[in-house]
>>> print(open('protein33.txt').read())   # compact mmCIF, C-alpha atoms
# COMPACT_ATOMS: atom_id res chain seq x y z
CA MET A 131 11.22 1.99 15.41
CA TRP A 132 11.20 -0.15 12.27
CA SER A 133 13.71 -2.91 11.98
CA TRP A 134 14.34 -5.44 9.22
CA GLN A 135 16.67 -8.41 9.34
CA TRP A 136 18.27 -10.32 6.47
CA ARG A 137 20.28 -13.44 7.14
CA ASN A 138 22.42 -15.92 5.25
CA PRO A 139 25.04 -18.36 6.61
CA PHE A 140 27.72 -15.68 6.37
CA TYR A 141 25.94 -12.50 7.38
CA SER A 142 23.42 -11.33 9.93
CA LYS A 143 22.65 -7.76 10.74
CA ARG A 144 19.69 -5.81 12.17
CA VAL A 145 19.04 -2.31 10.94
CA LYS A 146 17.32 -0.13 13.57
CA ASP A 147 15.91 3.37 13.65
CA VAL A 148 16.89 4.15 10.07
CA GLU A 149 15.44 3.82 6.61
CA SER A 150 17.26 1.37 4.33
CA PHE A 151 18.12 1.79 0.70
CA LEU A 152 18.05 -1.56 -1.09
CA PHE A 153 20.31 -2.02 -4.07
CA LEU A 154 19.88 -5.02 -6.36
CA PHE A 155 22.68 -6.00 -8.70
CA TRP A 156 22.32 -8.73 -11.30
CA GLU A 157 25.51 -10.23 -12.76
CA ASP A 158 25.83 -13.64 -14.43
CA ASP A 159 22.51 -14.79 -12.96
CA ARG A 160 23.80 -13.94 -9.51
CA ARG A 161 22.15 -11.53 -7.06
CA THR A 162 24.03 -9.66 -4.40
CA LEU A 163 22.23 -7.62 -1.77
CA VAL A 164 24.02 -4.54 -0.54
CA PHE A 165 22.56 -2.38 2.17
CA SER A 166 23.36 1.29 2.65
CA GLU A 167 21.87 2.94 5.74
CA GLN A 168 20.69 6.50 5.66
CA VAL A 169 18.37 8.42 7.93
CA ALA A 170 15.33 9.52 5.93
CA ALA A 171 12.31 11.39 7.22
CA SER A 172 8.84 9.98 6.66
CA ARG A 173 9.54 7.83 3.63
CA VAL A 174 11.13 4.68 2.27
CA SER A 175 13.43 4.94 -0.73
CA TRP A 176 14.57 1.88 -2.68
CA THR A 177 17.02 2.20 -5.57
CA VAL A 178 17.03 -0.52 -8.22
CA THR A 179 20.16 -0.82 -10.36
CA THR A 180 20.70 -3.32 -13.16
CA LYS A 181 23.20 -3.69 -15.98
CA VAL A 182 20.50 -4.02 -18.63
CA LYS A 183 18.28 -1.11 -17.68
CA MET A 184 18.79 2.53 -16.91
CA ASP A 185 19.19 3.21 -13.19
CA LEU A 186 15.81 4.11 -11.69
CA ASP A 187 14.97 5.42 -8.24
CA PHE A 188 11.93 3.98 -6.48
CA VAL A 189 10.44 6.32 -3.90
CA ILE A 190 7.36 6.21 -1.68
CA ARG A 191 6.05 9.47 -0.26
CA PRO A 192 2.80 10.93 1.10
CA ALA A 193 0.61 12.53 -1.56
CA ARG A 194 0.25 16.28 -1.76
CA VAL A 195 -2.65 18.32 -3.09
CA GLU A 196 -0.85 18.89 -6.39
CA ASP A 197 -0.78 15.10 -6.85
CA VAL A 198 -4.57 14.85 -7.21
CA PRO A 199 -4.46 14.35 -11.03
CA VAL A 200 -2.00 11.48 -10.51
CA ILE A 201 -4.20 9.95 -7.80
CA LEU A 202 -7.26 10.07 -10.03
CA GLU A 203 -5.32 8.50 -12.90
CA LEU A 204 -4.24 5.62 -10.64
CA ILE A 205 -7.79 5.18 -9.37
CA ARG A 206 -8.96 4.80 -12.96
CA ASP A 207 -6.14 2.38 -13.72
CA LEU A 208 -7.16 0.30 -10.71
CA ALA A 209 -10.80 0.29 -11.80
CA THR A 210 -9.76 -0.91 -15.25
CA TYR A 211 -7.69 -3.70 -13.70
CA GLU A 212 -10.65 -4.71 -11.52
CA ARG A 213 -12.88 -4.89 -14.61
CA ALA A 214 -15.00 -1.88 -13.65
CA PRO A 215 -13.61 1.08 -15.64
CA ASP A 216 -16.97 2.83 -15.88
CA GLU A 217 -17.68 2.83 -12.15
CA VAL A 218 -15.31 5.64 -11.25
CA THR A 219 -17.27 8.85 -10.73
CA ALA A 220 -14.72 10.70 -8.57
CA THR A 221 -13.45 14.05 -9.85
CA GLU A 222 -10.32 16.02 -9.09
CA GLU A 223 -12.40 18.60 -7.22
CA GLN A 224 -13.91 15.92 -4.99
CA LEU A 225 -10.51 14.41 -4.24
CA VAL A 226 -9.06 17.79 -3.30
CA ASP A 227 -11.87 18.25 -0.80
CA VAL A 228 -12.00 14.75 0.74
CA LEU A 229 -8.24 14.18 0.85
CA PHE A 230 -6.87 17.65 1.55
CA GLY A 231 -9.79 19.65 2.91
CA GLU A 232 -10.57 20.61 6.51
CA ARG A 233 -11.48 17.05 7.47
CA PRO A 234 -9.49 14.61 5.30
CA ALA A 235 -11.29 11.29 4.95
CA ALA A 236 -8.22 9.29 3.89
CA GLU A 237 -4.50 9.45 3.24
CA VAL A 238 -2.54 8.45 0.16
CA LEU A 239 0.96 7.10 -0.38
CA LEU A 240 2.37 7.43 -3.89
CA ALA A 241 5.08 5.24 -5.39
CA PHE A 242 7.39 6.59 -8.08
CA GLU A 243 9.94 4.96 -10.33
CA GLY A 244 12.08 7.89 -11.20
CA LYS A 245 9.55 10.65 -11.82
CA SER A 246 6.83 8.30 -13.08
CA PRO A 247 3.99 7.27 -10.74
CA VAL A 248 3.76 3.47 -10.63
CA GLY A 249 1.42 2.77 -7.73
CA PHE A 250 -0.42 4.02 -4.69
CA ALA A 251 -2.06 3.08 -1.43
CA VAL A 252 -5.19 4.75 -0.02
CA PHE A 253 -5.93 4.20 3.66
CA PHE A 254 -7.98 5.51 6.56
CA TYR A 255 -8.78 4.50 10.13
CA ASN A 256 -11.50 2.33 11.60
CA PHE A 257 -11.95 1.33 15.23
CA SER A 258 -12.06 -1.91 17.19
CA THR A 259 -14.23 -1.81 20.28
CA TRP A 260 -12.74 -5.11 21.46
CA LEU A 261 -9.19 -3.81 21.21
CA GLY A 262 -10.09 -0.27 22.17
CA ARG A 263 -7.75 0.93 19.45
CA ALA A 264 -7.88 2.37 15.98
CA GLY A 265 -7.09 0.17 13.01
CA LEU A 266 -5.62 1.00 9.63
CA TYR A 267 -7.94 0.10 6.76
CA LEU A 268 -6.34 -0.19 3.33
CA GLU A 269 -8.92 0.87 0.77
CA ASP A 270 -6.74 0.56 -2.33
CA LEU A 271 -3.33 -0.92 -3.06
CA PHE A 272 -2.29 -0.81 -6.69
CA VAL A 273 0.86 -1.14 -8.75
CA LYS A 274 0.67 -0.74 -12.51
CA PRO A 275 0.72 -4.19 -14.15
CA ASP A 276 3.86 -3.49 -16.19
CA LYS A 277 5.72 -2.49 -13.01
CA ARG A 278 4.92 -5.58 -10.97
CA GLY A 279 7.43 -8.18 -9.88
CA LYS A 280 9.86 -5.58 -8.53
CA GLY A 281 8.73 -5.56 -4.91
CA TYR A 282 6.86 -2.27 -5.14
CA GLY A 283 3.59 -3.61 -3.70
CA ARG A 284 5.41 -5.11 -0.74
CA ALA A 285 7.29 -1.85 -0.20
CA LEU A 286 3.99 0.02 0.01
CA LEU A 287 2.67 -2.49 2.55
CA VAL A 288 5.87 -2.19 4.60
CA GLU A 289 5.42 1.57 4.72
CA LEU A 290 1.78 1.14 5.76
CA ALA A 291 2.79 -1.29 8.49
CA LYS A 292 5.27 1.28 9.80
CA ILE A 293 2.51 3.90 9.89
CA ALA A 294 0.15 1.49 11.68
CA ARG A 295 2.84 0.62 14.20
CA ASP A 296 3.90 4.20 14.86
CA ARG A 297 0.29 5.33 15.28
CA GLU A 298 -0.42 2.40 17.60
CA CYS A 299 -3.07 0.77 15.43
CA GLY A 300 -4.38 -2.56 16.67
CA ARG A 301 -4.56 -4.13 13.23
CA MET A 302 -4.46 -3.64 9.46
CA GLU A 303 -7.31 -4.81 7.24
CA TRP A 304 -8.17 -4.79 3.56
CA ALA A 305 -10.38 -6.59 1.07
CA VAL A 306 -9.42 -8.49 -2.06
CA LEU A 307 -11.52 -9.73 -4.96
CA ASP A 308 -12.11 -13.49 -4.92
CA TRP A 309 -10.71 -13.92 -8.43
CA ASN A 310 -7.48 -12.05 -7.72
CA GLU A 311 -5.44 -15.17 -6.93
CA PRO A 312 -2.00 -13.52 -7.35
CA ALA A 313 -2.91 -10.91 -4.71
CA ILE A 314 -4.36 -13.54 -2.36
CA LYS A 315 -1.21 -15.65 -2.57
CA PHE A 316 0.93 -12.58 -2.01
CA TYR A 317 -1.03 -11.52 1.08
CA ARG A 318 -0.68 -15.01 2.55
CA THR A 319 3.11 -14.68 2.32
CA LEU A 320 2.81 -11.67 4.63
CA ASP A 321 1.07 -13.84 7.25
CA ALA A 322 -2.21 -11.96 6.66
CA LYS A 323 -5.25 -14.10 7.46
CA PRO A 324 -8.46 -14.19 5.40
CA MET A 325 -11.61 -13.54 7.45
CA HIS A 326 -13.82 -16.27 5.98
CA GLU A 327 -16.39 -16.02 8.76
CA TRP A 328 -17.24 -12.40 7.89
CA THR A 329 -19.45 -11.09 5.06
CA VAL A 330 -19.20 -7.46 3.95
CA PHE A 331 -22.48 -5.55 3.62
CA ARG A 332 -22.76 -2.27 1.73
CA LEU A 333 -25.27 0.48 1.25
CA THR A 334 -24.72 2.73 -1.77
CA SER A 335 -25.85 6.36 -1.79
CA ASP A 336 -29.39 5.45 -2.88
CA GLY A 337 -29.68 2.86 -0.14
CA ILE A 338 -28.36 5.28 2.45
CA ALA A 339 -30.96 7.86 1.42
CA ARG A 340 -33.81 5.35 1.58
CA LEU A 341 -32.75 4.12 5.01
CA ALA A 342 -32.28 7.64 6.34
CA ASP A 343 -35.74 8.65 5.09
CA SER A 344 -37.50 5.52 6.32
CA GLY A 345 -37.90 6.89 9.84
CA GLY A 346 -39.54 5.29 12.86
CA VAL A 347 -38.80 2.05 14.63
CA ASP A 348 -39.61 -1.14 12.81
CA GLN A 349 -39.30 -4.76 13.83
CA GLU A 350 -36.48 -6.68 12.25
>>> encode(input="protein33.txt", output="structure tokens")
Amino acid sequence: MWSWQWRNPFYSKRVKDVESFLFLFWEDDRRTLVFSEQVAASRVSWTVTTKVKMDLDFVIRPARVEDVPVILELIRDLATYERAPDEVTATEEQLVDVLFGERPAAEVLLAFEGKSPVGFAVFFYNFSTWLGRAGLYLEDLFVKPDKRGKGYGRALLVELAKIARDRECGRMEWAVLDWNEPAIKFYRTLDAKPMHEWTVFRLTSDGIARLADSGGVDQE
């Protein structure tokens, strides 16, 4: 099961087999971490409390079919952030089918601050022939820009790592845009390694159709 350890010269404790609620208190430029253990099924819940803002609950949970409008909104927000707002062609009907139909192609975790959606993670499984094990591929990880700096992105990755561990995945992989330096620096703090020796190739729908219709055996 998941375990997380926090240490300082006066305190050391390992939390096992439970979910942890993390409370942050700010007072006179001083931060005190207080941990309260509770058993929670299939989710991580972090509560953030400050003296200058209203208390807000941060919750991560698996998406449900009724969340499709929220998922599509976050996809569009992500596309805007990645400077490609016009490239989203997905519809709510498509997402219902591919995410919650007979053969779901991916899974989604949603992050909420109170009742407001603030981020999401979309993932699916690939396979490593060398490891002989499935891997977790993170297609999208996004936190709304005005909600960053609170640890929400890391919390989503922690939840994904728990899923990968519990489902015995051999590795986790994702891609990041070359210009997204804040994300690259963040991923390095997680001990994730960039795969510089690999180049991603892609066929879009038109290219897939042309290749499928080309037929025959041709020399490379």
>>> residues_near_point(input="protein33.txt", point="(-13.8, -6.7, -8.7)", cutoff="9 Å", atoms="all atoms listed in the file", output="list in words")
Ala209, Tyr211, Glu212, Arg213, Ala214, Val306, Leu307, Asp308, Trp309 and Asn310 of chain A
>>> atom_distance(input="protein33.txt", atom1="CA of Leu271 in chain A", atom2="CA of Leu320 in chain A")
14.6 Å
>>> closest_residue(input="protein33.txt", among="A:Gly300, A:Gly283, A:Gly249, A:Pro199", to="Tyr267 in chain A", atoms="all atoms listed in the file")
A:Gly300
>>> atom_distance(input="protein33.txt", atom1="CA of Glu327 in chain A", atom2="CA of Phe272 in chain A")
25.9 Å
>>> atom_distance(input="protein33.txt", atom1="CA of Val195 in chain A", atom2="CA of Ala291 in chain A")
23.4 Å
>>> residues_around(input="protein33.txt", residues="Leu261 in chain A", least_positions_apart="2", cutoff="12 Å", atoms="all atoms listed in the file", output="list in words")
Asn256, Phe257, Ser258, Thr259, Arg263, Ala264, Gly265, Glu298, Cys299, Gly300 and Arg301 of chain A
